[in-house]
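> The structure is given below, and queries will be raised subsequently.
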Amino acid sequence: MAALIGGVKMGRGSLLRATTVLLETERSVRALRRKPVAVIHPDGKRETLIKSNLTADETKQKQERGRPPKRNALETGRTAGTSTDDERTLPVRTPGVKDQSGHLKFEKALPGDTRLAKVASVARSRSFREQQGRVLLEGRRLICDALRAGAAPQMLFFSRVEKLRELPLHELRHATLIKVKFEDIKMWSDLVSPQGVIAIFSKPDASCLTFPRALRQQSVPLSLICDNVQDAGTLGTLLRCAAAAGCDRALLTKGCVDAWEPKVLRAAMGAHFHLPILADLDWDDVVGHLPELLTIHVVDNSTMAIRGMVTGVVQKVGEAALVCGGTSNEEHVESTSEDEELPLPRLEPQAYHENWAQSSTALVVAGDTHGPSWEALRLVGETGGRKLFIPTDPGVDCLNAAMAASILLFEGRRQLLSAQKAPRRGPSEVR
């Protein structure tokens, strides 16, 4: 009896398992036979599918009849990879973004697309930037500043359509817009937290840019001259301070780091598109870009930085003392050139808070490593300029070039504005 019951139980279990297998098979078959009723695209459009009794080959032939004939590169009169005005008016078969005029569209990068990698590599090399005339700008604010100033965009990579809508689309009509994965932008970005938008611009020319009128109206007759500033972060900070202080121009001598270095651009925070920047200049060219009646001063943020000074110079101003160290005489002799062996002009030191900016003025700021060049000191002496210093408490190291220049630039702005507001005395009042 027990054996019979056991056999019945085993039979039921086998029957249940067989039934389960059959049910799962039927369910899978039914799922394969189902057809979608509609397709919803990412842009919100709904496409209804109509069932047809045509075969797959007949359906394909019917779809090909409705498509416009393909044209090769010779018929269109262009090379592959470029677009024309006629092509922009053709209907877009893939989801895209259009501006108000309905002519702006972007393309989606396919796997293996190396355009972003190529342009990012070019932008990191100064020689390639100069040869190809391209610069890389990253971030919405920097790209918007460049577009407002009239810079010419060539290519723009973005990760989301929302990032594209944040930009002035009417300024991107002639640029190639490419949607890429955020991972690709993060791979080639220099930022810790990329914003998801990178643009390639033609290298801007200061004479062709349009700077904000409001900033130009608030500028003062103060120019910044960067002398052999080799640190990218320092140069970017100097340019940012010059733009904030309302300088009318910034001149970069040969030996300075490239103004369009990505690190300089990040540190400058858009200063390249707020004031004219003239780079890679000889000292004769520097004089040609300055007004005729001008006084040039030099920032003496570190007394030892002036080439030819002896180690351990102590300069007392009242009760405050500025103590700076420097390189040894042996190291200086090894690094000097024929020009540096010439006698240094004697310049009178002057504290930064005393009057030194009453008319058109230029300020020479040198790098922290070498200090002002002989040519800079000679030019300061010819125009009757001074060595401007910032007294510090004893035991405190000298300020770096960027910090000292920022203090002097804003002090120069204050003095120039005060001189403009001061009433002019007539000839009878002058004794």
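Each chain of the structure tokens is named A, B, ... in the order shown, its residues numbered from 1; ligands are numbered from 1 in display order.
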Excluding segment 170-182 of chain A and its own-chain neighbours fewer than 2 positions away, which residues fall within 7 Å of it when counting only C-alpha atoms? Please give them as a PyMOL selection string.
chain A and resi 104+106-109+147+153-159+168+184-186+196
> With distances taken over only C-alpha atoms, which residue among A:Leu377, A:Ala401, A:Ala357, A:Val161 lies nearest Ser223 of chain A?
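When distances to Ser223 of chain A are compared using only C-alpha atoms, the smallest one comes from A:Ala357.
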> Report as a ChimeraX atom specification: the residues of segment 110-341 of chain A with a DSSP assignment of strand (DSSP E), based on the backbone of this structure.
/A:134-138,153-158,176-179,197-202,220-227,247-253,277-281,295-299,314-317,320-323
> Just to be explicit: take each residue in the selection above, keep C-alpha atoms, and write the result as a PDB file, in the first residue's frame.

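The file below, selection19.pdb, is the result:
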```
ATOM      1  CA  ARG A 134      42.826  76.103 -32.556  1.00  0.00           C
ATOM      2  CA  VAL A 135      42.122  76.456 -28.862  1.00  0.00           C
ATOM      3  CA  LEU A 136      40.052  74.300 -26.518  1.00  0.00           C
ATOM      4  CA  LEU A 137      37.469  75.882 -24.214  1.00  0.00           C
ATOM      5  CA  GLU A 138      35.634  73.864 -21.590  1.00  0.00           C
ATOM      6  CA  PRO A 153      33.502  78.075 -32.950  1.00  0.00           C
ATOM      7  CA  GLN A 154      34.489  75.080 -35.070  1.00  0.00           C
ATOM      8  CA  MET A 155      33.289  72.016 -33.145  1.00  0.00           C
ATOM      9  CA  LEU A 156      31.303  71.511 -29.971  1.00  0.00           C
ATOM     10  CA  PHE A 157      31.009  68.264 -28.017  1.00  0.00           C
ATOM     11  CA  PHE A 158      28.274  67.811 -25.443  1.00  0.00           C
ATOM     12  CA  THR A 176      29.722  71.094 -35.955  1.00  0.00           C
ATOM     13  CA  LEU A 177      27.707  69.847 -32.984  1.00  0.00           C
ATOM     14  CA  ILE A 178      28.492  66.321 -31.812  1.00  0.00           C
ATOM     15  CA  LYS A 179      26.780  64.438 -29.008  1.00  0.00           C
ATOM     16  CA  VAL A 197      30.578  70.486 -22.843  1.00  0.00           C
ATOM     17  CA  ILE A 198      33.858  71.096 -24.725  1.00  0.00           C
ATOM     18  CA  ALA A 199      34.321  73.433 -27.690  1.00  0.00           C
ATOM     19  CA  ILE A 200      37.061  73.965 -30.246  1.00  0.00           C
ATOM     20  CA  PHE A 201      37.468  77.576 -31.417  1.00  0.00           C
ATOM     21  CA  SER A 202      39.649  79.249 -33.960  1.00  0.00           C
ATOM     22  CA  VAL A 220      41.104 102.940 -16.461  1.00  0.00           C
ATOM     23  CA  PRO A 221      44.345 103.928 -18.292  1.00  0.00           C
ATOM     24  CA  LEU A 222      46.288 101.118 -16.669  1.00  0.00           C
ATOM     25  CA  SER A 223      48.169  98.411 -18.582  1.00  0.00           C
ATOM     26  CA  LEU A 224      49.634  95.138 -17.346  1.00  0.00           C
ATOM     27  CA  ILE A 225      52.972  93.886 -18.714  1.00  0.00           C
ATOM     28  CA  CYS A 226      53.841  90.275 -17.875  1.00  0.00           C
ATOM     29  CA  ASP A 227      57.597  89.718 -18.025  1.00  0.00           C
ATOM     30  CA  CYS A 247      42.967  97.430 -17.155  1.00  0.00           C
ATOM     31  CA  ASP A 248      42.704  98.480 -20.791  1.00  0.00           C
ATOM     32  CA  ARG A 249      45.207  95.859 -22.058  1.00  0.00           C
ATOM     33  CA  ALA A 250      47.566  93.059 -21.060  1.00  0.00           C
ATOM     34  CA  LEU A 251      50.913  92.560 -22.822  1.00  0.00           C
ATOM     35  CA  LEU A 252      52.852  89.289 -22.601  1.00  0.00           C
ATOM     36  CA  THR A 253      56.527  89.226 -23.501  1.00  0.00           C
ATOM     37  CA  ILE A 277      45.639  90.272 -24.557  1.00  0.00           C
ATOM     38  CA  LEU A 278      48.672  90.587 -26.828  1.00  0.00           C
ATOM     39  CA  ALA A 279      51.154  87.744 -26.422  1.00  0.00           C
ATOM     40  CA  ASP A 280      54.659  86.746 -27.576  1.00  0.00           C
ATOM     41  CA  LEU A 281      55.936  90.328 -27.859  1.00  0.00           C
ATOM     42  CA  THR A 295      54.908 106.004 -16.904  1.00  0.00           C
ATOM     43  CA  ILE A 296      55.971 102.404 -16.358  1.00  0.00           C
ATOM     44  CA  HIS A 297      56.516 100.990 -12.876  1.00  0.00           C
ATOM     45  CA  VAL A 298      57.768  97.561 -11.841  1.00  0.00           C
ATOM     46  CA  VAL A 299      56.397  95.395  -9.043  1.00  0.00           C
ATOM     47  CA  VAL A 314      67.356  94.090   3.706  1.00  0.00           C
ATOM     48  CA  GLN A 315      65.338  97.148   2.745  1.00  0.00           C
ATOM     49  CA  LYS A 316      63.888  99.157   5.621  1.00  0.00           C
ATOM     50  CA  VAL A 317      60.931 101.438   5.186  1.00  0.00           C
ATOM     51  CA  ALA A 320      58.800  97.892   8.686  1.00  0.00           C
ATOM     52  CA  ALA A 321      61.420  95.737   7.037  1.00  0.00           C
ATOM     53  CA  LEU A 322      61.276  93.684   3.867  1.00  0.00           C
ATOM     54  CA  VAL A 323      63.768  90.836   4.044  1.00  0.00           C
TER      55      VAL A 323
END
```
> Suppose you want the space between atom CA of Lys105 of chain A and atom CA of Ala123 of chain A; what is it in Å?
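Going from atom CA of Lys105 of chain A over to atom CA of Ala123 of chain A, I get 25.1 Å.
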> Have a look at A:Leu290, A:Ser125, A:Arg413, A:Gly233 and name the one nearest to Gln218 of chain A; count only C-alpha atoms.
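Residue with the minimum atom-to-atom distance to Gln218 of chain A: A:Arg413.
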> In Å, how far is it from atom CA of Gly236 of chain A to atom CA of Leu294 of chain A?
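Result for atom CA of Gly236 of chain A versus atom CA of Leu294 of chain A: 25.2 Å, one decimal.
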> Which is closer to Pro345 of chain A than all the others in A:Ser207, A:Ser360, A:His370, A:Gly385, using only C-alpha atoms?
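With only C-alpha atoms as the atom set, the closest residue is A:Gly385.
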> List the neighbours of segment 264-273 of chain A out to 9 Å using only C-alpha atoms; skip same-chain residues closer than 5 positions along the sequence, and give me the result as an mmCIF file with N, CA, C and O atoms, in the first residue's frame.

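Generated output (selection-v3.cif):
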```cif
data_model
loop_
_atom_site.group_PDB
_atom_site.id
_atom_site.type_symbol
_atom_site.label_atom_id
_atom_site.label_comp_id
_atom_site.auth_asym_id
_atom_site.auth_seq_id
_atom_site.Cartn_x
_atom_site.Cartn_y
_atom_site.Cartn_z
ATOM 1 N N LEU A 137 38.175 75.229 -25.315
ATOM 2 C CA LEU A 137 37.469 75.882 -24.214
ATOM 3 C C LEU A 137 36.504 74.888 -23.596
ATOM 4 O O LEU A 137 35.775 74.201 -24.309
ATOM 5 N N GLU A 138 36.486 74.832 -22.282
ATOM 6 C CA GLU A 138 35.634 73.864 -21.590
ATOM 7 C C GLU A 138 34.784 74.594 -20.563
ATOM 8 O O GLU A 138 35.269 75.473 -19.838
ATOM 9 N N ARG A 141 30.307 78.682 -19.059
ATOM 10 C CA ARG A 141 30.592 80.108 -18.895
ATOM 11 C C ARG A 141 31.686 80.559 -19.849
ATOM 12 O O ARG A 141 31.556 81.608 -20.500
ATOM 13 N N LEU A 142 32.756 79.806 -19.947
ATOM 14 C CA LEU A 142 33.862 80.204 -20.810
ATOM 15 C C LEU A 142 33.441 80.194 -22.274
ATOM 16 O O LEU A 142 33.805 81.087 -23.048
ATOM 17 N N ILE A 143 32.657 79.197 -22.671
ATOM 18 C CA ILE A 143 32.191 79.129 -24.059
ATOM 19 C C ILE A 143 31.236 80.280 -24.367
ATOM 20 O O ILE A 143 31.307 80.894 -25.439
ATOM 21 N N ASP A 145 31.204 83.256 -22.922
ATOM 22 C CA ASP A 145 31.997 84.483 -23.013
ATOM 23 C C ASP A 145 32.687 84.583 -24.366
ATOM 24 O O ASP A 145 32.768 85.674 -24.958
ATOM 25 N N ALA A 146 33.199 83.454 -24.851
ATOM 26 C CA ALA A 146 33.868 83.464 -26.153
ATOM 27 C C ALA A 146 32.897 83.782 -27.272
ATOM 28 O O ALA A 146 33.215 84.548 -28.197
ATOM 29 N N ARG A 148 30.067 85.503 -27.062
ATOM 30 C CA ARG A 148 29.643 86.909 -26.973
ATOM 31 C C ARG A 148 30.722 87.848 -27.500
ATOM 32 O O ARG A 148 30.419 88.918 -28.041
ATOM 33 N N ALA A 149 31.985 87.458 -27.313
ATOM 34 C CA ALA A 149 33.075 88.305 -27.790
ATOM 35 C C ALA A 149 33.300 88.181 -29.288
ATOM 36 O O ALA A 149 34.091 88.948 -29.851
ATOM 37 N N ALA A 151 34.194 85.165 -30.926
ATOM 38 C CA ALA A 151 35.101 84.094 -31.323
ATOM 39 C C ALA A 151 34.370 83.101 -32.222
ATOM 40 O O ALA A 151 33.150 82.897 -32.096
ATOM 41 N N ALA A 206 42.923 89.378 -30.714
ATOM 42 C CA ALA A 206 42.403 90.443 -29.857
ATOM 43 C C ALA A 206 41.820 91.588 -30.664
ATOM 44 O O ALA A 206 40.858 92.246 -30.232
ATOM 45 N N LEU A 209 38.059 90.721 -31.653
ATOM 46 C CA LEU A 209 37.068 90.427 -30.626
ATOM 47 C C LEU A 209 36.310 91.682 -30.232
ATOM 48 O O LEU A 209 36.816 92.805 -30.333
ATOM 49 N N THR A 210 35.094 91.473 -29.777
ATOM 50 C CA THR A 210 34.246 92.562 -29.295
ATOM 51 C C THR A 210 34.082 92.391 -27.791
ATOM 52 O O THR A 210 33.451 91.438 -27.329
ATOM 53 N N PHE A 211 34.644 93.306 -27.035
ATOM 54 C CA PHE A 211 34.607 93.184 -25.584
ATOM 55 C C PHE A 211 33.378 93.897 -25.039
ATOM 56 O O PHE A 211 32.856 94.830 -25.655
ATOM 57 N N PRO A 212 32.889 93.465 -23.872
ATOM 58 C CA PRO A 212 31.666 94.073 -23.308
ATOM 59 C C PRO A 212 31.810 95.576 -23.154
ATOM 60 O O PRO A 212 32.810 96.074 -22.639
ATOM 61 N N ASP A 231 54.692 80.331 -15.051
ATOM 62 C CA ASP A 231 53.724 79.478 -14.379
ATOM 63 C C ASP A 231 52.331 79.760 -14.912
ATOM 64 O O ASP A 231 51.894 80.924 -14.956
ATOM 65 N N ALA A 232 51.624 78.695 -15.336
ATOM 66 C CA ALA A 232 50.301 78.872 -15.959
ATOM 67 C C ALA A 232 49.288 79.418 -14.969
ATOM 68 O O ALA A 232 48.491 80.313 -15.308
ATOM 69 N N GLY A 233 49.295 78.917 -13.746
ATOM 70 C CA GLY A 233 48.341 79.414 -12.760
ATOM 71 C C GLY A 233 48.581 80.870 -12.414
ATOM 72 O O GLY A 233 47.635 81.645 -12.231
ATOM 73 N N THR A 234 49.847 81.264 -12.320
ATOM 74 C CA THR A 234 50.165 82.665 -12.018
ATOM 75 C C THR A 234 49.718 83.590 -13.145
ATOM 76 O O THR A 234 49.132 84.651 -12.898
ATOM 77 N N LEU A 235 49.987 83.205 -14.381
ATOM 78 C CA LEU A 235 49.581 84.052 -15.505
ATOM 79 C C LEU A 235 48.069 84.175 -15.575
ATOM 80 O O LEU A 235 47.534 85.270 -15.818
ATOM 81 N N GLY A 236 47.345 83.077 -15.388
ATOM 82 C CA GLY A 236 45.895 83.157 -15.408
ATOM 83 C C GLY A 236 45.348 84.057 -14.308
ATOM 84 O O GLY A 236 44.412 84.840 -14.531
ATOM 85 N N THR A 237 45.944 83.991 -13.116
ATOM 86 C CA THR A 237 45.507 84.863 -12.020
ATOM 87 C C THR A 237 45.808 86.321 -12.320
ATOM 88 O O THR A 237 45.002 87.210 -12.013
ATOM 89 N N LEU A 238 46.964 86.589 -12.931
ATOM 90 C CA LEU A 238 47.297 87.971 -13.305
ATOM 91 C C LEU A 238 46.295 88.536 -14.310
ATOM 92 O O LEU A 238 45.847 89.682 -14.186
ATOM 93 N N LEU A 239 45.937 87.744 -15.302
ATOM 94 C CA LEU A 239 44.964 88.209 -16.297
ATOM 95 C C LEU A 239 43.600 88.431 -15.662
ATOM 96 O O LEU A 239 42.888 89.389 -16.007
ATOM 97 N N ARG A 240 43.227 87.566 -14.749
ATOM 98 C CA ARG A 240 41.934 87.736 -14.074
ATOM 99 C C ARG A 240 41.920 89.007 -13.225
ATOM 100 O O ARG A 240 40.933 89.749 -13.221
ATOM 101 N N CYS A 241 43.021 89.283 -12.516
ATOM 102 C CA CYS A 241 43.109 90.506 -11.724
ATOM 103 C C CYS A 241 43.103 91.738 -12.620
ATOM 104 O O CYS A 241 42.503 92.763 -12.273
ATOM 105 N N ALA A 242 43.786 91.661 -13.767
ATOM 106 C CA ALA A 242 43.807 92.796 -14.680
ATOM 107 C C ALA A 242 42.413 93.110 -15.208
ATOM 108 O O ALA A 242 42.019 94.279 -15.323
ATOM 109 N N ALA A 243 41.654 92.074 -15.547
ATOM 110 C CA ALA A 243 40.288 92.299 -16.018
ATOM 111 C C ALA A 243 39.406 92.848 -14.900
ATOM 112 O O ALA A 243 38.569 93.729 -15.135
ATOM 113 N N ALA A 244 39.586 92.345 -13.689
ATOM 114 C CA ALA A 244 38.766 92.818 -12.572
ATOM 115 C C ALA A 244 39.099 94.251 -12.190
ATOM 116 O O ALA A 244 38.214 95.017 -11.781
ATOM 117 N N VAL A 257 54.382 81.811 -20.472
ATOM 118 C CA VAL A 257 53.624 80.625 -20.853
ATOM 119 C C VAL A 257 52.520 81.028 -21.822
ATOM 120 O O VAL A 257 52.065 82.185 -21.820
ATOM 121 N N ASP A 258 52.089 80.092 -22.654
ATOM 122 C CA ASP A 258 51.059 80.384 -23.648
ATOM 123 C C ASP A 258 49.767 80.814 -22.958
ATOM 124 O O ASP A 258 49.283 80.144 -22.026
ATOM 125 N N ALA A 259 49.225 81.932 -23.413
ATOM 126 C CA ALA A 259 48.005 82.451 -22.795
ATOM 127 C C ALA A 259 46.808 81.545 -23.009
ATOM 128 O O ALA A 259 45.822 81.620 -22.263
#
```
